[in-house]
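Enquirer: work36.cif is reproduced below (mmCIF, C-alpha atoms).
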```cif
data_upload
#
loop_
_atom_site.label_atom_id
_atom_site.label_comp_id
_atom_site.auth_asym_id
_atom_site.auth_seq_id
_atom_site.Cartn_x
_atom_site.Cartn_y
_atom_site.Cartn_z
CA MET I 148 23.41 52.73 102.93
CA THR I 149 21.23 52.82 99.78
CA PRO I 150 23.34 53.55 96.69
CA SER I 151 22.50 56.77 94.86
CA PRO I 152 20.77 56.48 91.46
CA SER I 153 24.04 57.31 89.73
CA ARG I 154 25.82 54.62 91.74
CA ARG I 155 23.25 51.99 90.80
CA ALA I 156 23.58 52.98 87.15
CA PHE I 157 27.31 52.62 87.41
CA PHE I 158 27.06 49.05 88.72
CA LYS I 159 24.99 48.14 85.65
CA THR I 160 27.52 49.58 83.21
CA THR I 161 30.81 48.42 84.69
CA ALA I 162 31.44 45.89 81.95
CA ALA I 163 30.71 48.37 79.18
CA THR I 164 32.96 50.92 80.81
CA ALA I 165 35.82 48.47 81.04
CA LEU I 166 35.46 47.71 77.34
CA GLY I 167 35.49 51.41 76.51
CA ALA I 168 38.66 51.94 78.50
CA ALA I 169 40.58 49.73 76.11
CA THR I 170 39.95 52.24 73.30
CA LEU I 171 41.47 55.22 75.10
CA GLY I 172 44.75 56.22 73.49
CA THR I 173 47.96 57.80 74.68
CA PRO I 174 49.23 61.22 73.57
CA SER I 175 51.00 61.20 70.21
CA VAL I 176 54.38 62.78 69.60
CA SER I 177 52.83 65.47 67.40
CA ARG I 178 50.39 66.30 70.22
CA ALA I 179 53.29 67.22 72.49
CA GLN I 180 54.76 69.70 69.99
CA ALA I 181 51.75 71.61 68.66
CA PRO I 182 51.02 74.18 71.38
CA LYS I 183 54.58 75.33 72.14
CA SER I 184 54.29 78.42 69.97
CA ALA I 185 51.45 79.62 72.20
CA ALA I 186 53.45 79.26 75.42
CA ASN I 187 54.99 82.45 76.83
CA PRO I 188 58.48 81.60 78.14
CA ASP I 189 58.48 84.79 80.23
CA PHE I 190 55.08 84.42 81.87
CA THR I 191 54.76 84.82 85.62
CA ILE I 192 51.48 84.78 87.53
CA ARG I 193 49.97 88.26 87.63
CA ASN I 194 46.43 87.97 88.94
CA GLY I 195 46.97 85.36 91.65
CA ASN I 196 43.24 84.93 92.24
CA ILE I 197 43.75 81.17 92.00
CA ARG I 198 46.31 80.01 94.58
CA GLN I 199 48.20 77.61 92.37
CA SER I 200 50.09 74.61 93.69
CA ILE I 201 51.80 71.66 92.01
CA MET I 202 51.82 67.89 92.46
CA GLY I 203 55.53 67.15 92.51
CA TRP I 204 55.32 63.49 91.48
CA CYS I 205 54.29 64.52 87.96
CA PHE I 206 57.64 66.21 87.36
CA LYS I 207 59.93 63.41 88.51
CA PRO I 208 62.82 62.75 88.19
CA MET I 209 63.29 66.48 88.83
CA GLU I 210 64.15 66.94 92.50
CA ALA I 211 61.55 68.70 94.63
CA GLU I 212 63.94 71.48 95.64
CA VAL I 213 64.75 72.26 92.00
CA LEU I 214 61.07 72.19 91.03
CA ALA I 215 60.27 74.43 94.00
CA LYS I 216 62.63 77.12 92.69
CA HIS I 217 60.88 77.08 89.31
CA CYS I 218 57.48 77.26 91.04
CA LYS I 219 58.59 80.25 93.07
CA GLU I 220 59.85 82.05 89.97
CA ILE I 221 56.62 81.40 88.05
CA GLY I 222 54.48 82.53 90.98
CA LEU I 223 52.98 79.31 92.32
CA VAL I 224 52.45 79.48 96.06
CA ALA I 225 52.57 75.83 97.22
CA MET I 226 53.61 72.24 96.54
CA GLU I 227 52.23 68.80 97.35
CA GLY I 228 52.93 65.22 96.34
CA ILE I 229 56.55 65.46 97.46
CA SER I 230 58.56 63.69 100.14
CA PRO I 231 58.27 65.17 103.64
CA ASP I 232 62.07 65.30 103.59
CA ALA I 233 61.75 68.16 101.09
CA TYR I 234 59.28 70.18 103.17
CA PRO I 235 61.91 72.31 104.98
CA ALA I 236 63.62 73.37 101.73
CA VAL I 237 60.28 74.13 100.08
CA LYS I 238 59.05 76.17 103.01
CA ALA I 239 62.40 78.02 103.18
CA LEU I 240 61.63 79.34 99.69
CA GLY I 241 58.35 80.76 100.98
CA LEU I 242 56.11 78.08 99.49
CA ASP I 243 53.36 76.36 101.46
CA ILE I 244 52.65 72.64 101.65
CA SER I 245 49.12 72.46 100.25
CA LEU I 246 48.33 68.78 100.90
CA VAL I 247 49.98 65.92 102.83
CA GLY I 248 49.85 62.33 101.58
CA SER I 249 48.53 59.37 103.55
CA HIS I 250 47.70 55.73 102.82
CA GLY I 251 47.56 55.84 99.03
CA PHE I 252 44.69 55.00 96.69
CA ALA I 253 45.28 51.22 96.50
CA GLU I 254 45.12 50.34 100.21
CA GLY I 255 42.11 52.19 101.56
CA PRO I 256 39.58 51.47 104.29
CA CYS I 257 36.98 49.90 101.98
CA ASP I 258 39.08 46.71 102.17
CA PRO I 259 39.22 45.12 105.65
CA ARG I 260 42.80 44.00 104.96
CA TYR I 261 43.94 47.61 104.89
CA TYR I 262 41.50 49.24 107.30
CA ASP I 263 43.81 49.46 110.33
CA LYS I 264 46.80 50.48 108.23
CA ALA I 265 44.79 53.28 106.57
CA VAL I 266 43.54 54.61 109.90
CA ALA I 267 47.02 54.58 111.42
CA LYS I 268 48.53 56.30 108.41
CA LEU I 269 45.82 58.96 108.40
CA LYS I 270 46.54 59.76 112.03
CA ASP I 271 50.26 60.03 111.33
CA SER I 272 49.60 62.27 108.33
CA ILE I 273 47.30 64.55 110.32
CA GLU I 274 50.06 65.02 112.89
CA LEU I 275 52.60 65.71 110.13
CA ALA I 276 50.33 68.21 108.39
CA SER I 277 49.77 70.07 111.63
CA SER I 278 53.51 70.20 112.34
CA VAL I 279 54.29 71.85 108.97
CA GLY I 280 51.35 74.26 108.92
CA CYS I 281 49.38 72.38 106.27
CA GLY I 282 45.61 72.23 106.64
CA LYS I 283 44.85 69.21 104.43
CA VAL I 284 45.48 65.45 104.27
CA ILE I 285 44.43 63.31 101.33
CA THR I 286 42.45 60.07 101.68
CA PHE I 287 40.95 57.47 99.34
CA THR I 288 38.42 54.63 99.41
CA GLY I 289 40.81 51.96 98.14
CA MET I 290 40.19 49.32 95.49
CA ARG I 291 37.39 46.85 94.92
CA PHE I 292 38.21 43.27 95.89
CA GLU I 293 36.81 39.78 95.34
CA GLY I 294 33.63 39.13 97.30
CA MET I 295 33.19 42.82 98.15
CA ASP I 296 29.87 44.00 99.53
CA GLU I 297 29.39 47.56 98.21
CA GLU I 298 27.29 48.84 101.08
CA ARG I 299 29.58 47.40 103.75
CA ALA I 300 32.63 48.81 101.94
CA ALA I 301 31.09 52.27 101.93
CA GLN I 302 30.23 52.01 105.62
CA ASP I 303 33.77 50.86 106.43
CA CYS I 304 35.13 53.97 104.71
CA ILE I 305 32.77 56.18 106.71
CA ARG I 306 33.69 54.39 109.95
CA ALA I 307 37.42 54.84 109.31
CA TRP I 308 37.10 58.52 108.49
CA LYS I 309 34.94 59.17 111.52
CA GLU I 310 37.53 57.38 113.63
CA VAL I 311 40.24 59.90 112.69
CA LEU I 312 38.08 63.01 112.45
CA PRO I 313 38.37 63.98 116.15
CA LEU I 314 42.14 64.27 115.70
CA ALA I 315 41.71 66.17 112.43
CA GLU I 316 39.31 68.60 114.08
CA GLU I 317 41.66 69.06 117.04
CA LYS I 318 44.60 69.78 114.71
CA LYS I 319 42.50 71.97 112.39
CA VAL I 320 43.17 69.66 109.45
CA THR I 321 40.66 68.78 106.71
CA LEU I 322 40.60 65.29 105.22
CA CYS I 323 40.29 65.59 101.44
CA PHE I 324 38.78 62.45 99.90
CA GLU I 325 39.77 62.04 96.26
CA HIS I 326 37.52 60.77 93.49
CA LEU I 327 39.49 58.93 90.76
CA ASN I 328 38.63 57.66 87.30
CA SER I 329 38.55 53.92 86.57
CA ARG I 330 38.16 54.22 82.78
CA ASP I 331 41.68 54.91 81.59
CA ASN I 332 43.82 51.78 81.75
CA THR I 333 46.69 53.05 79.60
CA HIS I 334 49.00 54.15 82.42
CA PRO I 335 49.10 53.44 86.20
CA MET I 336 48.64 57.13 87.05
CA LYS I 337 46.25 58.19 84.29
CA GLY I 338 43.43 55.98 85.55
CA HIS I 339 42.76 53.47 88.29
CA PRO I 340 40.63 50.50 87.14
CA GLY I 341 38.95 48.94 90.15
CA TYR I 342 38.96 52.06 92.32
CA PHE I 343 35.85 52.08 94.52
CA GLY I 344 35.26 55.84 94.68
CA ASP I 345 35.03 56.38 90.93
CA ASP I 346 31.54 57.94 90.75
CA VAL I 347 31.74 61.56 91.89
CA ASP I 348 28.08 61.72 92.91
CA PHE I 349 28.57 58.65 95.12
CA CYS I 350 31.62 60.39 96.60
CA PHE I 351 29.62 63.52 97.33
CA ASP I 352 27.09 61.28 99.08
CA LEU I 353 29.83 59.89 101.32
CA VAL I 354 31.00 63.40 102.20
CA LYS I 355 27.44 64.32 103.14
CA GLN I 356 27.14 61.25 105.36
CA ILE I 357 30.32 62.23 107.22
CA GLY I 358 28.78 65.65 107.87
CA SER I 359 31.89 67.42 109.14
CA PRO I 360 33.49 70.67 107.92
CA ASN I 361 36.80 68.83 108.31
CA PHE I 362 35.89 66.26 105.66
CA LYS I 363 35.63 67.41 102.03
CA LEU I 364 35.94 66.08 98.50
CA LEU I 365 39.13 66.49 96.52
CA PHE I 366 37.59 67.44 93.17
CA ASP I 367 40.07 66.35 90.51
CA ILE I 368 38.79 68.05 87.37
CA TYR I 369 40.54 65.56 85.09
CA HIS I 370 39.03 62.51 86.81
CA VAL I 371 35.55 64.06 87.02
CA SER I 372 35.69 64.96 83.33
CA ILE I 373 36.39 61.35 82.43
CA MET I 374 33.89 59.64 84.74
CA ASN I 375 30.97 62.03 85.07
CA GLY I 376 31.50 65.27 83.13
CA ASP I 377 29.28 68.36 83.56
CA VAL I 378 32.14 69.82 85.60
CA ILE I 379 30.98 73.40 86.09
CA ARG I 380 27.43 72.44 87.10
CA ARG I 381 28.80 69.91 89.61
CA ILE I 382 31.09 72.52 91.13
CA ARG I 383 28.23 75.00 91.30
CA ALA I 384 25.92 72.49 93.01
CA ASN I 385 28.44 70.98 95.44
CA HIS I 386 31.08 73.63 96.09
CA GLU I 387 30.45 73.64 99.84
CA LEU I 388 31.53 69.97 99.90
CA ILE I 389 34.79 70.58 97.99
CA GLY I 390 38.04 71.17 99.85
CA HIS I 391 40.70 70.94 97.13
CA TYR I 392 41.11 70.87 93.33
CA HIS I 393 43.50 69.15 90.91
CA THR I 394 44.00 69.82 87.19
CA ALA I 395 45.21 67.91 84.12
CA GLY I 396 44.35 67.83 80.43
CA ASN I 397 41.85 65.27 79.19
CA PRO I 398 42.55 63.01 77.37
CA GLY I 399 46.04 61.92 78.34
CA ARG I 400 46.57 63.67 81.69
CA ALA I 401 48.97 65.99 79.90
CA GLU I 402 49.26 69.77 79.46
CA LEU I 403 46.35 72.19 79.75
CA ASP I 404 46.69 73.05 76.07
CA ASP I 405 44.50 73.31 72.99
CA THR I 406 44.68 69.58 72.21
CA GLN I 407 42.54 68.62 75.22
CA GLU I 408 38.84 69.13 75.88
CA ILE I 409 38.55 70.83 79.27
CA ASN I 410 37.91 74.60 79.30
CA TYR I 411 40.11 75.47 82.25
CA PRO I 412 39.71 79.28 82.27
CA ALA I 413 35.93 78.90 82.52
CA ILE I 414 36.28 76.33 85.32
CA MET I 415 38.73 78.54 87.23
CA ARG I 416 36.29 81.45 87.00
CA GLU I 417 33.53 79.21 88.36
CA ILE I 418 35.74 78.10 91.25
CA LEU I 419 36.37 81.75 92.11
CA ALA I 420 32.65 82.52 91.85
CA THR I 421 31.93 79.93 94.56
CA GLY I 422 34.14 81.84 96.99
CA TYR I 423 36.82 79.15 97.15
CA LYS I 424 40.04 80.58 98.65
CA SER I 425 42.36 77.58 98.92
CA HIS I 426 44.72 75.83 96.49
CA VAL I 427 44.31 74.43 92.98
CA ALA I 428 47.16 72.00 92.22
CA GLN I 429 48.55 71.37 88.74
CA GLU I 430 48.69 67.57 88.40
CA PHE I 431 49.41 66.96 84.73
CA ILE I 432 52.18 64.74 83.38
CA PRO I 433 54.35 66.87 81.05
CA THR I 434 54.86 65.69 77.47
CA TRP I 435 56.64 68.78 76.13
CA ASP I 436 60.42 68.71 75.78
CA ASP I 437 60.57 71.53 78.36
CA PRO I 438 58.42 70.56 81.37
CA ILE I 439 58.90 73.95 83.05
CA LEU I 440 57.57 75.72 79.96
CA ALA I 441 54.58 73.38 80.19
CA LEU I 442 54.10 74.36 83.84
CA ARG I 443 54.42 78.05 82.98
CA HIS I 444 51.79 77.62 80.30
CA ALA I 445 49.40 75.83 82.69
CA ALA I 446 49.89 78.58 85.28
CA GLU I 447 48.95 81.16 82.65
CA VAL I 448 45.84 79.22 81.61
CA CYS I 449 44.63 79.15 85.23
CA ASP I 450 45.60 82.73 86.14
CA VAL I 451 42.14 84.19 85.59
#
```
Can you dump the structure from the file as structure tokens?
Expert:
Amino acid sequence: MTPSPSRRAFFKTTAATALGAATLGTPSVSRAQAPKSAANPDFTIRNGNIRQSIMGWCFKPMEAEVLAKHCKEIGLVAMEGISPDAYPAVKALGLDISLVGSHGFAEGPCDPRYYDKAVAKLKDSIELASSVGCGKVITFTGMRFEGMDEERAAQDCIRAWKEVLPLAEEKKVTLCFEHLNSRDNTHPMKGHPGYFGDDVDFCFDLVKQIGSPNFKLLFDIYHVSIMNGDVIRRIRANHELIGHYHTAGNPGRAELDDTQEINYPAIMREILATGYKSHVAQEFIPTWDDPILALRHAAEVCDV
């Protein structure tokens, strides 16, 4: 596989990027307090044009069942990023499971050491998703490693995904391949230095090479904003290749408030304009004293 122009440019600037990552800061205490006056403590989703979900891991240590009750009251329609043990309680509240986990971002098929494990886990996750009425399973490239050949690593990812696609197609499940940023090194879940699939244009290229309606990109708006930018134009140009969306404020992966740079209402309107009908999951890490007020605020921002 010949790397795309953007991919080649990335290889040339890896060192500079790593240096820049060291300058990225964490949210200040004052940042967490400023927007509270703008948050409506009584807001519930009214329009519902965006089918909002939530990544449960961001709100730990709150239990999934407790978080699910808050989601239901606010008007979110689904959850993801929670233990399968919580699925029955979540579904009993009338919420969907919007995405099922798999092998994790660190041990993906780009690394021969994890290839078989990733394939096996993907198959198990496809079966689980089908059993709970979920149409999506997440997947990742994995991390770069010493002595890695970039072209072979990309082909190994494609080979692994094609190996599990017949099962996904049979079960009517879509594999959603997530692009992640490698710039932010301030927190283990705010950025992922060394992640192979960190150039969104390269990731779109991989999706095109798979060439299946059951393989799409998970377009994480936060990660794309950090690594590539030009979010709305990329959605407009590639929306047919996108199967899922995640949100978070940039910088800091915190609330969708007026201290971060992403214009979420405009992006949500663009997503709707493409005809997208599936879920958009809130995946920010709360910094406010009241994390449910932060979630309510984010739901309002995205309820266009």
Enquirer: Tell me which protein, DNA and RNA residues are within 12 Å of Glu293 in chain I, counting all atoms listed in the file, leaving out same-chain ones fewer than 4 positions away, and put them as a ChimeraX atom specification.
Expert: /I:258-259,297,300,341
Enquirer: I:Leu353, I:Ile414, I:Val247, I:Ile382: which is nearest Phe366 in chain I, counting all atoms listed in the file?
Expert: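 Using all atoms listed in the file, the shortest distance to Phe366 in chain I belongs to I:Ile382.
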Enquirer: Report as a ChimeraX atom specification all protein, DNA and RNA residues lying within 10 Å of Glu325 in chain I, evaluated on all atoms listed in the file, omitting residues in the same chain fewer than 3 positions from it.
Expert: /I:252,285-288,322,344-345,347,350,363-367,370,390-393
Enquirer: Please enumerate the residues selected by the PyMOL selection byres ((chain I and resi 197-214) around 6) when evaluated against the supplied file, formatted as a PDB file with C-alpha atoms, in the frame of the given file.
Expert:
```
ATOM      1  CA  GLY I 195      46.970  85.360  91.650  1.00  0.00           C
ATOM      2  CA  ASN I 196      43.240  84.930  92.240  1.00  0.00           C
ATOM      3  CA  ALA I 215      60.270  74.430  94.000  1.00  0.00           C
ATOM      4  CA  LYS I 216      62.630  77.120  92.690  1.00  0.00           C
ATOM      5  CA  HIS I 217      60.880  77.080  89.310  1.00  0.00           C
ATOM      6  CA  LEU I 223      52.980  79.310  92.320  1.00  0.00           C
ATOM      7  CA  VAL I 224      52.450  79.480  96.060  1.00  0.00           C
ATOM      8  CA  ALA I 225      52.570  75.830  97.220  1.00  0.00           C
ATOM      9  CA  MET I 226      53.610  72.240  96.540  1.00  0.00           C
ATOM     10  CA  GLU I 227      52.230  68.800  97.350  1.00  0.00           C
ATOM     11  CA  GLY I 228      52.930  65.220  96.340  1.00  0.00           C
ATOM     12  CA  ILE I 229      56.550  65.460  97.460  1.00  0.00           C
ATOM     13  CA  HIS I 426      44.720  75.830  96.490  1.00  0.00           C
ATOM     14  CA  VAL I 427      44.310  74.430  92.980  1.00  0.00           C
ATOM     15  CA  ALA I 428      47.160  72.000  92.220  1.00  0.00           C
ATOM     16  CA  GLN I 429      48.550  71.370  88.740  1.00  0.00           C
ATOM     17  CA  GLU I 430      48.690  67.570  88.400  1.00  0.00           C
ATOM     18  CA  ILE I 432      52.180  64.740  83.380  1.00  0.00           C
TER      19      ILE I 432
END
```
Enquirer: With distances taken over all atoms listed in the file, which residue among I:Lys337, I:Ile221, I:Arg381, I:Ile389 lies nearest Ser425 in chain I?
Expert: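 Using all atoms listed in the file, the shortest distance to Ser425 in chain I belongs to I:Ile389.
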Enquirer: Separation of CA of Val320 in chain I and CA of Val279 in chain I, in Å?
Expert: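 CA of Val279 in chain I lies at a distance of 11.3 Å from CA of Val320 in chain I.
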Enquirer: So, with all atoms listed in the file as the atoms that count, which of I:Val266, I:Ala441, I:Ile305, I:Met295 lies closest to Leu403 in chain I?
Expert: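 Closest residue, counting all atoms listed in the file: I:Ala441.
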Enquirer: So, counting only C-alpha atoms, which residue among I:Asn375, I:Asn187, I:Thr406, I:Thr321 is closest to Leu246 in chain I?
Expert: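 Among the listed residues, I:Thr321 lies closest to Leu246 in chain I.
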Enquirer: Just to confirm, what's the straight-line distance from CA of Pro398 in chain I to CA of Ile192 in chain I in Å (one decimal)?
Expert: 25.6 Å
Enquirer: Show me, as a list in words, the residues that have an atom within 9 Å of Leu442 in chain I when counting only C-alpha atoms, minus same-chain residues fewer than 4 positions from it.
Expert: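 Once the adjacent positions are removed, what remains is Ile201, Cys218, Ile221, Glu402, Gln429, Phe431, Pro433, Asp437, Pro438, Ala446 and Glu447 of chain I.
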Enquirer: Calculate how many Å separate CA of Lys268 in chain I from CA of Asp232 in chain I, rounding to one decimal.
Expert: 17.0 Å
Enquirer: Given the point (36.8, 51.0, 102.0) in the coordinates of this file, which residues lie within 10 Å, counting all atoms listed in the file, and how would they look as a PyMOL selection string?
Expert: chain I and resi 254-262+265+287-292+295+297-308+342-344
Enquirer: Which is closest to His386 in chain I among I:Leu440, I:Ile244, I:Leu314, I:Ile418, if we use all atoms listed in the file?
Expert: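 Smallest distance to His386 in chain I is found for I:Ile418.
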